[in-house]
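Trainee: Can you read through this structure? Questions will come right after.
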There are 2 protein chains.
Amino acid sequence: MAEQAYRPGIRGVAAHVGMSVSTVSRALNGYSDVSSDTRRKVERAAGELGYRASFAASSLRTQNTQTVTFMVSKPWTKFVDPFFLGLLDGVELALQAQGYALQVVMAREYEKEFEMIRSAVERNRCDGLLFGRTRPVDERIEWLQDRAFPFVTVGRTDKADHDWVEVDHYKIGYQATERLIRLGHDRIAHLTTPLRYTYSNHTLQGYRDALHAHGLSRDPELEAECYLSRRTGADAMTELIARGVGPTAVFCGNDMIAVSAMESMRRFGIRPGTDVAVIGCDDIPVAAYVTPGLTTFRQDLDSLGMRLGRMMVARLRGDPGPHQELIEAELIPRGTDVPPAAGVAK
Amino acid sequence: MAEQAYRPGIRGVAAHVGMSVSTVSRALNGYSDVSSDTRRKVERAAGELGYRASFAASSLRTQNTQTVTFMVSKPWTKFVDPFFLGLLDGVELALQAQGYALQVVMAREYEKEFEMIRSAVERNRCDGLLFGRTRPVDERIEWLQDRAFPFVTVGRTDKADHDWVEVDHYKIGYQATERLIRLGHDRIAHLTTPLRYTYSNHTLQGYRDALHAHGLSRDPELEAECYLSRRTGADAMTELIARGVGPTAVFCGNDMIAVSAMESMRRFGIRPGTDVAVIGCDDIPVAAYVTPGLTTFRQDLDSLGMRLGRMMVARLRGDPGPHQELIEAELIPRGTDVPPAAGVAK
DNA sequence: AGTATGCCCAAAAACGTTTTTGGGGTTCGG
DNA sequence: CCGAACCCCAAAAACGTTTTTGGGCATACT
């Protein structure tokens, strides 16, 4: 049954071509001090015999793995966090092009995540690490910096002294808010993503600065923090409505929050996109299909992922960096960014 | 800066506790012939010194990796194939519970995929393999069987003599079609997923059998194969409309096709859910948000993933199997499965 | 002609574990 | 009191590579 039960090691192919093991190794690994004739012969023999270097053995000897680990954080929602997953594609492309394998691990809690990083690093399972959901002060990053282990993050920390790539959330917050102000709104709520993450604070700051720049004072009642559960936007919106805060526009930290908030509005007889303006962020697929279509910001995740991957490679190649890139998001106008209604819901 | 620059090997901890290397190894790996006193002492020392066994070294020696690779196929669409990704969560949970790490690799083309499997297996990078998108006769499976390498697939082949888990697509096809027939339809189109995949054929067979069971003859004009690009459902639907085939109901192989087909209908002034009934499959998030809501079939992907993971573990533990599970999908009735309109689009 | 210079290659050491082999001490039975 | 049985443990081999060391053989230079 087994076509090729026997699989030779490097000594096998050395014996087969009548040369020494070291010559075979050097030929296969592209060293210069081997004649092209020898190289050809070795390569052909390796091909014929179906030889492949054992990953464990070469990894043990060289102390590197040609592997990069992408750690994706939980919790996920049923929407399968489109953000991280969109990235993955670009990352994989960039890494594969340079001969690195991509490994993905998931962590269900923050503590777990930390432990997984330790294990990956200390057991030498990868050469570099990628992760997101960074916090203003992030233990993971400090730990990795202490050990001088290569990594790139999606998102910054407060002192952003490492390699990172990030969408410009400050600008998103500013632009979204300004757009709503220009439409005539002056009671603009902001439903934030969890504030333990750095980017949420950037968005919030953009929101506040835009208000201030246009002479509007910020009202703490209009700011509400949402979590990443599916219902979170609805909960926050419901409370806003119940408290009679009466925003005429809502800027949401992400589309899931926005969609959920829109559902909540409807339950109270408020028509999003008519009675209340809504702007989201991320442009998840659903955003295009709700009615009215959700106005939101699109991030080019493919490109973001590619940059992430390329930064990782640059770092692994020894390029000292720091490598940092802030990416612009693009406004996707659809149906929910409307002027204030005449008779407004209060 | 580096808190703990020096990281001892196993000989380091052996020296530290004044015992031999082998004793430390046996103590750490839970062998029985080491006194509990010794074990405690070793474990404590290992903890204090921050010792972790090198992955490469132990993998080289034991010839296994405690790692399972999930290979996800391309192409993806912008919807980030919710099917595979939903699985991943359950798989990871099941594997992690048994101490296996999950590795994800992506392949952009079928040939690439094959090469990645070869590389993963021959270089000994994982103990087991998981993948989907199986075909009626699938080279990957034959190759793995020849080498007796452990794997579990999502989906069967024609001779399903290996470990697999799959949603019962035959039943979905049958039920969807029967439901439409009972609503009074007799011109039911079927837009299939790519027929190179086994499951597409099962769905198709269910569709045909339901027609036959209810005394309807099948019309090849009403069957159209779609691919996995974003526009595919629209293209097929447009052609059906253009040819004047005039279905009163459309059963789609997946929701993306359905949503896309619905868009196409609208462009021709046909109202899905009023003029033409639509049933999809997969229950992607968008399905709940289009208007009217798309009637579709939900698969419990978490559970599917867990079963997949558990099968893999069982196989790796030496349980001979075969392990095979057919999972039932659940109809989610929403707004698009309606009786034929009075004045019908022709 | 003799020596330096490249180019190519063989032998052996090293990577850090696990597992095998074999043996020393206690304890117990004869 | 001696031997067997039973725990426990030390030394060394093995896993399959890559890299170092050192040297042979041409060719070019003095």
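Order determines the names: the first chain of the structure tokens is A, the second B, and so forth; residues in each chain are numbered 1 upward, and ligands are numbered 1 upward as they are shown.
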Just asking: which residues within segment 80-294 of chain A are alpha helix (DSSP H) according to DSSP, as JSON, numbers by chain?

Mentor: {"A": [82, 83, 84, 85, 86, 87, 88, 89, 90, 91, 92, 93, 94, 95, 96, 97, 110, 111, 112, 113, 114, 115, 116, 117, 118, 119, 120, 121, 122, 139, 140, 141, 142, 143, 144, 145, 146, 169, 170, 171, 172, 173, 174, 175, 176, 177, 178, 179, 180, 181, 182, 198, 199, 200, 201, 202, 203, 204, 205, 206, 207, 208, 209, 210, 211, 212, 213, 232, 233, 234, 235, 236, 237, 238, 239, 240, 241, 242, 255, 256, 257, 258, 259, 260, 261, 262, 263, 264, 265, 266, 267]}

Trainee: Taking 4 positions as the minimum chain separation for residues in the same chain, which residues sit within 12 Å of Glu111 of chain B when counting only C-alpha atoms (C1' of nucleotides)? Answer as a PyMOL selection string.

Mentor: chain B and resi 73-74+107+115-118+139-140

Trainee: I need the contact residues of chain A against chain D, so if you could list those with any atom within 7 Å, counting only C-alpha atoms (C1' of nucleotides), and return them as a list in words, that would help.

Mentor: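 Contact residues on the first chain: Gly9, Ser54, Ala57, Ser58, Arg61 and Thr62 of chain A.
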
Trainee: Could you list, as a PyMOL selection string, the residues of chain B having an atom within 7 Å of chain A when counting only C-alpha atoms?

Mentor: chain B and resi 1-3+52-57+59-60+79+102-105+122-125+146-147+285-286+289-290
